[in-house]
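Trainee: Below is the file target-v9.txt, which contains compact mmCIF, C-alpha atoms.
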# COMPACT_ATOMS: atom_id res chain seq x y z
CA MET A 1 23.21 -3.35 36.22
CA SER A 2 20.21 -5.11 37.71
CA VAL A 3 18.36 -7.67 35.67
CA LEU A 4 14.56 -7.67 35.47
CA THR A 5 12.35 -10.65 34.74
CA LEU A 6 9.09 -10.32 32.88
CA THR A 7 6.74 -12.38 30.72
CA ILE A 8 6.18 -11.81 27.01
CA ASP A 9 3.56 -14.00 25.34
CA GLU A 10 3.79 -16.53 28.19
CA HIS A 11 7.61 -16.77 27.86
CA PRO A 12 9.64 -15.76 30.92
CA VAL A 13 12.41 -13.41 29.75
CA SER A 14 15.11 -11.34 31.38
CA ALA A 15 15.95 -7.75 30.50
CA LYS A 16 18.05 -4.75 31.43
CA PRO A 17 16.14 -1.66 32.62
CA ASP A 18 17.43 0.55 29.76
CA GLU A 19 16.18 -1.77 27.02
CA THR A 20 12.77 -1.39 25.36
CA LEU A 21 10.07 -4.05 25.17
CA LEU A 22 10.77 -4.19 21.44
CA ASP A 23 14.49 -4.92 22.02
CA ILE A 24 13.61 -7.63 24.51
CA ALA A 25 11.01 -9.22 22.20
CA HIS A 26 13.47 -9.28 19.30
CA GLN A 27 16.22 -10.80 21.47
CA ASN A 28 13.79 -13.60 22.28
CA ASP A 29 12.65 -14.16 18.67
CA ILE A 30 9.22 -12.71 19.34
CA ASP A 31 8.11 -10.85 16.24
CA ILE A 32 6.40 -7.47 16.65
CA PRO A 33 5.64 -5.52 13.47
CA THR A 34 7.28 -2.08 13.17
CA LEU A 35 7.37 0.76 10.68
CA CYS A 36 8.83 3.92 12.22
CA HIS A 37 11.41 1.97 14.25
CA LEU A 38 14.84 1.47 12.71
CA ASP A 39 17.91 0.11 14.48
CA GLY A 40 20.29 3.06 14.89
CA LEU A 41 17.64 5.80 15.22
CA ILE A 42 15.99 7.10 18.39
CA ASP A 43 12.50 5.60 18.73
CA VAL A 44 9.51 7.96 18.68
CA GLY A 45 6.51 5.59 18.86
CA ALA A 46 4.89 7.30 15.87
CA CYS A 47 3.39 4.49 13.79
CA ARG A 48 1.72 2.56 16.68
CA LEU A 49 2.21 -0.80 14.91
CA CYS A 50 4.28 -2.18 17.79
CA LEU A 51 1.51 -1.57 20.35
CA VAL A 52 1.38 -4.30 23.00
CA GLU A 53 -0.95 -5.18 25.85
CA ILE A 54 0.39 -4.91 29.39
CA GLU A 55 -1.54 -6.71 32.10
CA GLY A 56 -3.13 -4.28 34.55
CA SER A 57 -3.07 -1.35 32.13
CA PRO A 58 -6.13 -0.40 30.08
CA LYS A 59 -3.90 1.44 27.59
CA LEU A 60 -1.98 -0.16 24.75
CA MET A 61 1.70 0.79 24.83
CA PRO A 62 4.21 1.09 21.97
CA ALA A 63 6.87 -1.59 22.55
CA CYS A 64 9.58 0.61 21.01
CA THR A 65 9.35 3.29 23.71
CA THR A 66 8.21 1.27 26.74
CA ARG A 67 10.78 0.13 29.33
CA PRO A 68 10.46 -3.19 31.16
CA GLN A 69 9.38 -3.49 34.78
CA GLU A 70 9.87 -6.36 37.20
CA GLY A 71 7.03 -8.87 36.85
CA MET A 72 5.47 -7.15 33.83
CA VAL A 73 3.16 -9.39 31.77
CA VAL A 74 3.19 -8.40 28.09
CA ARG A 75 1.15 -9.74 25.20
CA THR A 76 2.17 -8.91 21.63
CA ASN A 77 -0.23 -10.73 19.36
CA THR A 78 -3.79 -10.74 20.74
CA ASP A 79 -6.90 -10.44 18.56
CA ARG A 80 -7.34 -6.87 19.77
CA LEU A 81 -3.80 -5.92 18.69
CA LYS A 82 -4.17 -7.68 15.33
CA LYS A 83 -7.39 -5.73 14.73
CA TYR A 84 -5.69 -2.39 15.45
CA ARG A 85 -2.58 -3.21 13.40
CA LYS A 86 -4.71 -4.02 10.39
CA MET A 87 -6.66 -0.82 10.93
CA ILE A 88 -3.43 1.22 11.03
CA ILE A 89 -2.30 -0.20 7.69
CA GLU A 90 -5.76 0.47 6.23
CA LEU A 91 -5.63 4.07 7.42
CA LEU A 92 -2.11 4.55 6.02
CA ALA A 93 -3.26 3.11 2.70
CA SER A 94 -6.36 5.30 2.55
CA GLU A 95 -4.68 8.58 3.47
CA GLY A 96 -1.80 8.37 0.99
CA ASN A 97 -1.59 7.68 -2.73
CA HIS A 98 0.10 4.29 -2.80
CA GLN A 99 -0.13 3.05 -6.37
CA CYS A 100 2.20 0.04 -5.98
CA ALA A 101 2.04 -0.75 -9.70
CA VAL A 102 3.86 2.46 -10.65
CA CYS A 103 6.15 2.79 -7.61
CA VAL A 104 9.93 2.42 -7.87
CA VAL A 105 10.08 0.33 -4.66
CA ASN A 106 7.24 -2.03 -5.67
CA ASN A 107 8.01 -5.49 -4.18
CA HIS A 108 10.69 -3.96 -1.90
CA CYS A 109 8.37 -1.84 0.25
CA GLU A 110 7.92 -2.10 4.01
CA LEU A 111 4.34 -0.82 3.82
CA GLN A 112 3.50 -3.43 1.18
CA ASN A 113 5.06 -6.18 3.32
CA LEU A 114 3.10 -5.03 6.36
CA ALA A 115 -0.10 -5.07 4.28
CA TYR A 116 0.61 -8.72 3.47
CA ALA A 117 1.51 -9.50 7.09
CA VAL A 118 -1.81 -8.16 8.41
CA GLY A 119 -3.74 -9.79 5.54
CA LEU A 120 -4.98 -6.58 3.97
CA VAL A 121 -7.43 -7.88 1.36
CA TYR A 122 -9.12 -4.53 0.86
CA VAL A 123 -9.39 -1.18 2.64
CA ARG A 124 -12.67 -0.65 4.49
CA PHE A 125 -12.24 3.11 4.83
CA PRO A 126 -12.89 5.53 1.96
CA TYR A 127 -9.70 6.47 0.15
CA LEU A 128 -8.92 10.16 0.61
CA TYR A 129 -6.64 10.57 -2.45
CA PRO A 130 -5.04 13.67 -0.89
CA LYS A 131 -3.35 16.27 -3.07
CA LYS A 132 0.29 15.76 -2.12
CA THR A 133 3.30 17.26 -3.87
CA LEU A 134 6.43 15.83 -5.45
CA ASP A 135 9.77 17.68 -5.29
CA ALA A 136 12.44 16.70 -7.82
CA THR A 137 14.62 19.79 -7.45
CA GLN A 138 17.41 17.96 -5.60
CA GLU A 139 20.22 16.85 -7.93
CA SER A 140 20.15 13.12 -7.10
CA TYR A 141 16.92 12.35 -5.25
CA ILE A 142 13.15 12.86 -5.29
CA ILE A 143 10.63 13.23 -2.48
CA ASP A 144 7.18 11.96 -3.53
CA ARG A 145 4.84 12.86 -0.68
CA ASP A 146 2.09 10.67 -2.16
CA ARG A 147 3.96 7.66 -0.76
CA CYS A 148 4.93 9.14 2.62
CA VAL A 149 3.67 7.45 5.81
CA LEU A 150 5.13 10.12 8.13
CA CYS A 151 7.34 7.65 10.01
CA THR A 152 9.95 10.47 10.37
CA ARG A 153 12.89 8.12 9.78
CA CYS A 154 14.26 10.68 7.27
CA VAL A 155 13.89 13.49 9.80
CA ARG A 156 15.72 11.49 12.46
CA VAL A 157 18.53 10.10 10.31
CA CYS A 158 19.28 13.57 8.90
CA SER A 159 19.31 15.14 12.35
CA GLU A 160 20.80 12.36 14.50
CA VAL A 161 23.27 10.71 12.15
CA GLU A 162 24.13 13.13 9.34
CA GLY A 163 23.78 16.17 11.62
CA ALA A 164 22.26 18.33 8.87
CA HIS A 165 18.59 18.42 9.99
CA VAL A 166 17.23 19.26 6.55
CA TRP A 167 13.92 17.45 7.08
CA ASP A 168 11.13 18.41 9.41
CA VAL A 169 7.41 17.85 9.87
CA ALA A 170 4.99 20.66 9.02
CA GLY A 171 1.20 20.94 9.24
CA ARG A 172 -1.39 18.99 11.20
CA GLY A 173 -3.77 16.11 10.44
CA ILE A 174 -4.18 15.32 6.76
CA SER A 175 -2.03 18.37 5.85
CA CYS A 176 0.90 16.98 7.82
CA GLU A 177 3.93 16.53 5.59
CA ILE A 178 7.71 16.30 5.47
CA VAL A 179 9.34 19.58 4.43
CA ALA A 180 12.92 20.59 3.61
CA ASP A 181 14.48 23.34 5.74
CA MET A 182 11.91 26.11 6.33
CA ASN A 183 9.44 24.58 3.84
CA GLN A 184 11.63 25.27 0.82
CA MET A 185 12.25 23.25 -2.31
CA TRP A 186 14.75 20.47 -1.54
CA GLY A 187 17.10 21.73 -4.25
CA ASP A 188 17.29 25.11 -2.50
CA SER A 189 18.44 23.59 0.78
CA ASP A 190 21.95 24.72 1.72
CA ALA A 191 22.00 22.28 4.65
CA CYS A 192 21.50 19.13 2.51
CA THR A 193 24.78 17.28 1.91
CA SER A 194 23.24 14.93 -0.71
CA CYS A 195 24.35 11.99 1.48
CA GLY A 196 21.23 9.96 0.62
CA LYS A 197 20.75 8.52 4.12
CA CYS A 198 17.11 9.70 4.17
CA VAL A 199 16.50 7.90 0.87
CA MET A 200 17.94 4.63 2.17
CA VAL A 201 16.00 4.59 5.45
CA CYS A 202 12.62 5.54 3.91
CA PRO A 203 10.40 2.45 4.21
CA THR A 204 8.33 3.29 1.11
CA GLY A 205 8.81 4.98 -2.25
CA ALA A 206 8.49 8.48 -0.76
CA LEU A 207 12.24 9.12 -0.99
CA ILE A 208 13.85 7.68 -4.09
CA LYS A 209 16.91 7.91 -6.32
CA LYS A 210 16.52 9.72 -9.61
CA GLY A 211 16.52 7.47 -12.66
CA ALA A 212 15.13 4.39 -10.91
CA ASN A 213 12.31 2.69 -12.77
CA VAL A 214 9.19 0.90 -11.44
CA ALA A 215 10.10 -1.86 -8.92
CA GLU A 216 13.83 -1.25 -9.50
CA MET A 217 14.90 0.26 -6.21
CA GLU A 218 15.79 -1.69 -3.06
CA LYS A 219 16.50 0.16 0.17
CA GLU A 220 19.52 -0.85 2.23
CA THR A 221 19.29 0.14 5.88
CA ASP A 222 22.14 -1.93 7.39
CA PHE A 223 24.69 0.87 6.88
CA LEU A 224 23.07 2.75 9.74
CA LYS A 225 23.98 0.14 12.36
CA TYR A 226 27.65 0.26 11.29
CA ILE A 227 27.82 4.04 11.46
CA VAL A 228 26.06 4.30 14.81
CA THR A 229 28.04 1.44 16.40
CA ALA A 230 31.34 2.80 15.11
CA ARG A 231 30.48 6.23 16.47
CA GLN A 232 29.52 4.83 19.89
CA LYS A 233 32.80 2.90 20.05
CA GLN A 234 34.65 5.96 18.74
CA GLU A 235 36.30 3.86 16.07
CA TRP A 236 37.06 6.93 13.94
CA VAL A 237 38.59 8.94 16.74
CA GLY A 238 42.38 8.91 17.12
CA GLU A 239 43.97 7.57 20.32
CA TYR A 240 45.07 11.07 21.35
CA LEU A 241 41.50 12.46 21.20
CA LYS A 242 40.08 9.48 23.09
CA GLU A 243 42.54 10.08 25.91
CA HIS A 244 41.93 13.80 26.08
CA MET B 1 -31.95 -14.78 -21.51
CA GLN B 2 -32.96 -18.43 -21.34
CA LYS B 3 -30.57 -20.79 -19.62
CA VAL B 4 -29.35 -23.18 -22.30
CA ASP B 5 -27.56 -25.64 -19.99
CA SER B 6 -26.62 -26.15 -16.37
CA LYS B 7 -23.05 -24.84 -16.61
CA PRO B 8 -22.10 -22.02 -14.24
CA ARG B 9 -22.67 -18.64 -15.88
CA VAL B 10 -19.59 -16.44 -15.73
CA ALA B 11 -19.20 -12.82 -16.85
CA THR B 12 -16.30 -10.39 -17.03
CA VAL B 13 -16.72 -6.62 -17.01
CA TRP B 14 -14.29 -3.86 -17.98
CA LEU B 15 -14.74 -0.58 -16.09
CA GLY B 16 -12.02 2.09 -15.68
CA GLY B 17 -8.95 -0.04 -16.38
CA CYS B 18 -6.40 -0.67 -19.12
CA SER B 19 -7.68 -4.15 -20.05
CA GLY B 20 -4.48 -5.64 -18.63
CA CYS B 21 -6.50 -7.80 -16.22
CA HIS B 22 -8.45 -9.21 -19.16
CA MET B 23 -5.15 -9.90 -20.93
CA SER B 24 -4.11 -11.80 -17.82
CA PHE B 25 -7.39 -13.73 -18.01
CA LEU B 26 -6.40 -14.76 -21.54
CA ASP B 27 -2.95 -15.69 -20.21
CA MET B 28 -4.56 -18.75 -18.64
CA ASP B 29 -3.75 -20.13 -22.11
CA GLU B 30 -4.63 -23.82 -22.57
CA ARG B 31 -6.54 -23.77 -19.30
CA LEU B 32 -9.12 -21.63 -21.15
CA LEU B 33 -10.06 -24.72 -23.16
CA GLU B 34 -10.78 -26.62 -19.98
CA LEU B 35 -12.67 -23.62 -18.65
CA ALA B 36 -14.75 -23.40 -21.84
CA ASP B 37 -16.03 -26.92 -21.14
CA ARG B 38 -16.97 -26.09 -17.58
CA ILE B 39 -18.54 -22.63 -17.80
CA ARG B 40 -20.69 -20.52 -20.04
CA LEU B 41 -19.24 -17.05 -20.65
CA VAL B 42 -22.41 -14.97 -20.79
CA TYR B 43 -20.99 -11.45 -20.95
CA SER B 44 -17.50 -10.04 -21.52
CA PRO B 45 -15.56 -7.49 -23.56
CA LEU B 46 -14.09 -10.65 -25.09
CA ALA B 47 -17.58 -11.66 -26.34
CA ASP B 48 -20.12 -9.69 -28.34
CA VAL B 49 -23.04 -9.44 -25.93
CA LYS B 50 -24.84 -6.11 -25.72
CA GLU B 51 -26.65 -6.29 -22.40
CA PHE B 52 -25.53 -7.66 -19.08
CA PRO B 53 -27.68 -10.78 -18.51
CA ARG B 54 -29.62 -11.88 -15.45
CA ASP B 55 -28.75 -14.86 -13.23
CA VAL B 56 -24.98 -14.71 -13.53
CA ASP B 57 -23.11 -16.93 -11.08
CA VAL B 58 -19.72 -15.17 -11.01
CA THR B 59 -18.72 -11.77 -12.42
CA PHE B 60 -15.11 -10.59 -12.54
CA VAL B 61 -14.90 -6.79 -12.62
CA GLU B 62 -11.76 -5.08 -13.90
CA GLY B 63 -11.09 -1.40 -13.27
CA ALA B 64 -12.09 1.42 -10.96
CA VAL B 65 -15.49 3.12 -11.02
CA SER B 66 -14.46 6.16 -13.03
CA ASN B 67 -17.46 7.46 -14.99
CA GLU B 68 -21.25 7.43 -14.83
CA GLU B 69 -21.51 4.41 -17.10
CA ASN B 70 -19.12 2.46 -14.81
CA GLU B 71 -21.29 3.29 -11.79
CA HIS B 72 -24.49 2.27 -13.60
CA MET B 73 -22.82 -0.98 -14.69
CA ALA B 74 -21.52 -1.75 -11.19
CA HIS B 75 -25.08 -1.73 -9.85
CA ILE B 76 -26.40 -3.92 -12.68
CA VAL B 77 -23.55 -6.38 -12.09
CA ARG B 78 -24.31 -6.57 -8.38
CA ARG B 79 -28.02 -7.00 -8.93
CA ASN B 80 -27.59 -9.79 -11.47
CA SER B 81 -24.62 -11.72 -10.02
CA ARG B 82 -24.32 -14.22 -7.20
CA TYR B 83 -20.61 -13.51 -6.67
CA VAL B 84 -18.86 -10.28 -7.63
CA VAL B 85 -15.05 -10.40 -7.75
CA SER B 86 -12.82 -7.31 -7.96
CA LEU B 87 -10.27 -8.21 -10.62
CA GLY B 88 -6.98 -6.37 -10.12
CA ASP B 89 -5.64 -3.37 -8.24
CA CYS B 90 -7.75 -0.70 -10.02
CA ALA B 91 -10.97 -2.38 -8.86
CA VAL B 92 -9.50 -3.00 -5.38
CA THR B 93 -7.75 0.33 -4.64
CA GLY B 94 -8.29 2.69 -7.59
CA ASN B 95 -4.60 2.21 -8.46
CA VAL B 96 -3.40 3.84 -11.72
CA THR B 97 -6.91 4.93 -12.70
CA ALA B 98 -7.04 6.94 -9.47
CA LEU B 99 -3.84 8.85 -10.34
CA ARG B 100 -6.16 11.39 -11.96
CA ASN B 101 -7.95 12.10 -8.69
CA LYS B 102 -5.77 15.04 -7.75
CA HIS B 103 -6.77 16.90 -10.93
CA SER B 104 -10.16 18.35 -11.89
CA ASN B 105 -12.21 16.74 -14.66
CA VAL B 106 -11.89 19.87 -16.79
CA GLU B 107 -8.09 19.66 -16.56
CA ILE B 108 -8.08 15.95 -17.44
CA ILE B 109 -10.45 16.22 -20.41
CA HIS B 110 -8.58 19.24 -21.75
CA ARG B 111 -5.23 17.50 -21.39
CA SER B 112 -6.40 14.32 -23.11
CA TYR B 113 -8.57 15.64 -25.93
CA VAL B 114 -7.07 19.05 -26.65
CA GLU B 115 -3.44 19.38 -25.49
CA LEU B 116 -2.41 15.88 -26.54
CA ALA B 117 -4.53 15.71 -29.72
CA ASP B 118 -2.63 15.28 -32.98
CA LYS B 119 -5.12 16.48 -35.54
CA THR B 120 -8.54 17.64 -34.40
CA PRO B 121 -8.42 18.90 -30.83
CA SER B 122 -12.01 19.07 -29.53
CA LEU B 123 -13.81 18.29 -26.31
CA PRO B 124 -15.91 15.11 -26.49
CA ILE B 125 -18.48 16.43 -24.04
CA GLN B 126 -19.93 18.81 -26.61
CA PHE B 127 -21.20 15.82 -28.64
CA ASN B 128 -22.53 14.03 -25.56
CA THR B 129 -21.06 10.75 -26.83
CA VAL B 130 -18.64 9.93 -24.01
CA ALA B 131 -19.80 8.99 -20.50
CA GLN B 132 -19.31 11.82 -18.00
CA LEU B 133 -16.39 11.35 -15.63
CA LEU B 134 -17.19 11.06 -11.95
CA PRO B 135 -15.24 13.52 -9.76
CA GLN B 136 -12.86 10.69 -8.77
CA ALA B 137 -12.01 7.15 -9.84
CA ARG B 138 -12.77 4.94 -6.83
CA PRO B 139 -12.66 1.23 -5.90
CA LEU B 140 -15.60 -1.00 -6.81
CA HIS B 141 -16.36 -1.96 -3.19
CA GLU B 142 -17.11 1.68 -2.34
CA TYR B 143 -20.16 1.40 -4.66
CA VAL B 144 -21.36 -2.20 -4.31
CA ASN B 145 -20.66 -5.19 -2.07
CA VAL B 146 -17.78 -7.27 -3.38
CA ASP B 147 -17.39 -10.94 -2.42
CA ALA B 148 -13.74 -11.56 -3.29
CA PHE B 149 -10.67 -9.55 -4.23
CA LEU B 150 -7.96 -10.46 -6.72
CA HIS B 151 -4.90 -8.24 -6.33
CA GLY B 152 -2.10 -7.36 -8.67
CA CYS B 153 -1.49 -5.10 -11.61
CA PRO B 154 -2.48 -7.28 -13.30
CA PRO B 155 -3.35 -10.39 -11.23
CA THR B 156 -1.45 -13.37 -12.59
CA ALA B 157 -3.17 -16.03 -14.68
CA ASP B 158 -2.52 -18.45 -11.77
CA GLN B 159 -4.37 -16.18 -9.35
CA ILE B 160 -7.35 -15.94 -11.70
CA TRP B 161 -7.31 -19.69 -12.29
CA PHE B 162 -7.28 -20.32 -8.52
CA ALA B 163 -10.20 -17.90 -8.00
CA VAL B 164 -12.26 -19.37 -10.84
CA ASN B 165 -11.77 -22.89 -9.50
CA GLU B 166 -12.66 -21.95 -5.94
CA LEU B 167 -15.80 -20.15 -7.08
CA LEU B 168 -16.87 -23.02 -9.33
CA GLU B 169 -16.58 -25.27 -6.26
CA GLY B 170 -18.91 -22.87 -4.46
CA ARG B 171 -16.22 -21.43 -2.19
CA VAL B 172 -15.34 -17.75 -1.86
CA PRO B 173 -11.59 -17.69 -2.60
CA VAL B 174 -9.46 -16.84 0.42
CA PHE B 175 -6.11 -15.60 -0.77
CA SER B 176 -3.20 -16.75 1.29
CA THR B 177 0.12 -14.94 1.27
CA ILE B 178 1.18 -16.43 -2.06
CA TYR B 179 -1.69 -14.70 -3.79
CA LEU B 180 -1.89 -11.48 -1.77
CA ARG B 181 0.34 -9.06 -3.65
CA TYR B 182 -0.31 -5.49 -4.67
CA GLY B 183 1.30 -3.93 -7.75
Take the structure from the file and write it as structure tokens.
Mentor:
Amino acid sequence: MSVLTLTIDEHPVSAKPDETLLDIAHQNDIDIPTLCHLDGLIDVGACRLCLVEIEGSPKLMPACTTRPQEGMVVRTNTDRLKKYRKMIIELLASEGNHQCAVCVVNNHCELQNLAYAVGLVYVRFPYLYPKKTLDATQESYIIDRDRCVLCTRCVRVCSEVEGAHVWDVAGRGISCEIVADMNQMWGDSDACTSCGKCVMVCPTGALIKKGANVAEMEKETDFLKYIVTARQKQEWVGEYLKEH
Amino acid sequence: MQKVDSKPRVATVWLGGCSGCHMSFLDMDERLLELADRIRLVYSPLADVKEFPRDVDVTFVEGAVSNEENEHMAHIVRRNSRYVVSLGDCAVTGNVTALRNKHSNVEIIHRSYVELADKTPSLPIQFNTVAQLLPQARPLHEYVNVDAFLHGCPPTADQIWFAVNELLEGRVPVFSTIYLRYG
């Protein structure tokens, strides 16, 4: 495979054509904030936090879905990008109901950590306090849509890794929300295997375990890499099946 | 009110909050003694002063703007204070006080004063003794300009101590990552 050379934040780096700018940045210890990206899931460029500047292009591009090109000049941390990243976090904060003080993932929350990273001292936009619903009909887990940032990690992990495709996105704009099956109660879903992958990949307190108290729950997302890598290497498949 | 000395005049105000931020203020413990030498506390729920005074140097405001009295007070505070500081997550984001925002005022009042009443369920509005709720509990900075923000539910005593010291030195406190924490 051919190797491309490009520049990220004044550093010359090399890359393979099938990698993303985000992969390449991470390989070279260049930090780009992310929210919807998770190693092991297909990237969708939904949250826009990983936007980067590419010389010669007036548009900002999401690093997680942009492929490298020979001679590309990329900047990941300009004042313009910092301004937009902060604005994204402000908008996420204002269009959900994120009461950290009474959230089970308080102090273990990716949205909270991003708020600190962008220096979110207060939100300049009026809070919308939307009327979102909570569904506790599933036997082991709860979806609290107040805390949802619509990253669709749950949708992707359920579809791509578990193969059940319980979750989907319904509605538009402020009414956009994650629904189970054909907009049923989660507990009524025949497709759900209760595997809990969606709960573990959720970056906020939108998907949580029942019985967890305020600030008690920590998400563990590493399992995903092991599953996906093992599947790619066919580690669970017998020698006979591999050969045939 | 006549100025009795040259000490900085500090006030604390309690809007729609649980008083936890004021408890945290008291958690400064022995540092309060030092503070008492350096400032004059001119208005506070911790002191018996009826009217918010003029010429206040720094006012710490706990709680969201939740009822008409809170809104009225927020404007008086802004008018009479050099620096206004949002004290805690309710003042900064609405936080727990804003949990009520998805319900109507009628529902909330009925739930609190009738459904959950032990002995004499009755609506307080009929006596006109309780301030009318605003449609939503909202952050202080949506009503008046705020100069500094202290996060946390509640902010720690160390955060408050840092902010007080910065303000007494005439600097608006800039909270680095150690002090920026929600919840």
Trainee: List the spatial neighbours of stretch 114-119 of chain A as a PDB file with C-alpha atoms, in the frame of the given file - criterion: any atom at most 7 Å away, all atoms listed in the file, same-chain residues fewer than 4 positions off excluded.
Mentor:
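Output contents, as saved in part_20.pdb:
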ATOM      1  CA  LYS A  86      -4.710  -4.020  10.390  1.00  0.00           C
ATOM      2  CA  ILE A  89      -2.300  -0.200   7.690  1.00  0.00           C
ATOM      3  CA  GLU A 110       7.920  -2.100   4.010  1.00  0.00           C
TER       4      GLU A 110
ATOM      5  CA  THR B 177       0.120 -14.940   1.270  1.00  0.00           C
ATOM      6  CA  LEU B 180      -1.890 -11.480  -1.770  1.00  0.00           C
TER       7      LEU B 180
END
Trainee: Could you tell me which residues of chain B sit within 10 Å of chain A when counting only C-alpha atoms, and give me the result as a tab-separated table (two decimals) with C-alpha atoms, keeping the file's coordinate frame?
Mentor:
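Written out: result-v3.tsv:
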chain	number	residue	atom	x	y	z
B	86	SER	CA	-12.82	-7.31	-7.96
B	89	ASP	CA	-5.64	-3.37	-8.24
B	90	CYS	CA	-7.75	-0.70	-10.02
B	92	VAL	CA	-9.50	-3.00	-5.38
B	93	THR	CA	-7.75	0.33	-4.64
B	94	GLY	CA	-8.29	2.69	-7.59
B	95	ASN	CA	-4.60	2.21	-8.46
B	96	VAL	CA	-3.40	3.84	-11.72
B	97	THR	CA	-6.91	4.93	-12.70
B	98	ALA	CA	-7.04	6.94	-9.47
B	99	LEU	CA	-3.84	8.85	-10.34
B	100	ARG	CA	-6.16	11.39	-11.96
B	101	ASN	CA	-7.95	12.10	-8.69
B	102	LYS	CA	-5.77	15.04	-7.75
B	103	HIS	CA	-6.77	16.90	-10.93
B	136	GLN	CA	-12.86	10.69	-8.77
B	137	ALA	CA	-12.01	7.15	-9.84
B	138	ARG	CA	-12.77	4.94	-6.83
B	139	PRO	CA	-12.66	1.23	-5.90
B	141	HIS	CA	-16.36	-1.96	-3.19
B	142	GLU	CA	-17.11	1.68	-2.34
B	148	ALA	CA	-13.74	-11.56	-3.29
B	149	PHE	CA	-10.67	-9.55	-4.23
B	150	LEU	CA	-7.96	-10.46	-6.72
B	151	HIS	CA	-4.90	-8.24	-6.33
B	152	GLY	CA	-2.10	-7.36	-8.67
B	153	CYS	CA	-1.49	-5.10	-11.61
B	154	PRO	CA	-2.48	-7.28	-13.30
B	174	VAL	CA	-9.46	-16.84	0.42
B	175	PHE	CA	-6.11	-15.60	-0.77
B	176	SER	CA	-3.20	-16.75	1.29
B	177	THR	CA	0.12	-14.94	1.27
B	178	ILE	CA	1.18	-16.43	-2.06
B	179	TYR	CA	-1.69	-14.70	-3.79
B	180	LEU	CA	-1.89	-11.48	-1.77
B	181	ARG	CA	0.34	-9.06	-3.65
B	182	TYR	CA	-0.31	-5.49	-4.67
B	183	GLY	CA	1.30	-3.93	-7.75
Trainee: Atom CA of B:Pro155 and atom CA of B:Ser81, how far apart in Å?
Mentor: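 So the answer is 21.3 Å.
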Trainee: Just the number, please: distance in Å from atom CA of B:Ile160 to atom CA of B:Leu87, one decimal.
Mentor: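 That distance, rounded to one decimal, is 8.3 Å.
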Trainee: One number please: atom CA of A:Lys225 to atom CA of A:Gly40, in Å, one decimal.
Mentor: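 Those two atoms sit 5.3 Å apart.
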Trainee: Could you list as a PyMOL selection string every residue that has an atom within 8 Å of (-9.1, -4.9, -25.6), using the file's coordinates and counting all atoms listed in the file?
Mentor: chain B and resi 19+22-23+45-46
Trainee: Within 10 Å of (20.2, 11.7, 4.4) (file coordinates; all atoms listed in the file), which protein or nucleic acid residues are there? I'd like them as a list of chain:residue names.
Mentor: A:Arg153, A:Cys154, A:Val155, A:Arg156, A:Val157, A:Cys158, A:Ser159, A:Val161, A:Glu162, A:Gly163, A:Ala164, A:His165, A:Val166, A:Trp167, A:Cys192, A:Thr193, A:Ser194, A:Cys195, A:Gly196, A:Lys197, A:Cys198, A:Val199, A:Met200, A:Val201, A:Cys202, A:Leu207
Trainee: List as a VMD selection string the protein and nucleic acid residues near A:Ala15, meaning an atom at most 10 Å away when only C-alpha atoms are counted, but skip any in the same chain fewer than 2 places from it.
Mentor: chain A and resid 2 to 6 13 17 to 21 23 to 25 27 67 to 70
Trainee: I want to know what sits within 10 Å of B:Val85, based on all atoms listed in the file, with residues of the same chain fewer than 3 positions away left out; could you give that as a count of residues only?
Mentor: 23
Trainee: Which of these, B:Arg9, B:Lys119, B:Leu134, B:Ile76, has the shortest distance to B:Ala64 once you count all atoms listed in the file?
Mentor: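 The answer is B:Leu134, which sits nearest to B:Ala64.
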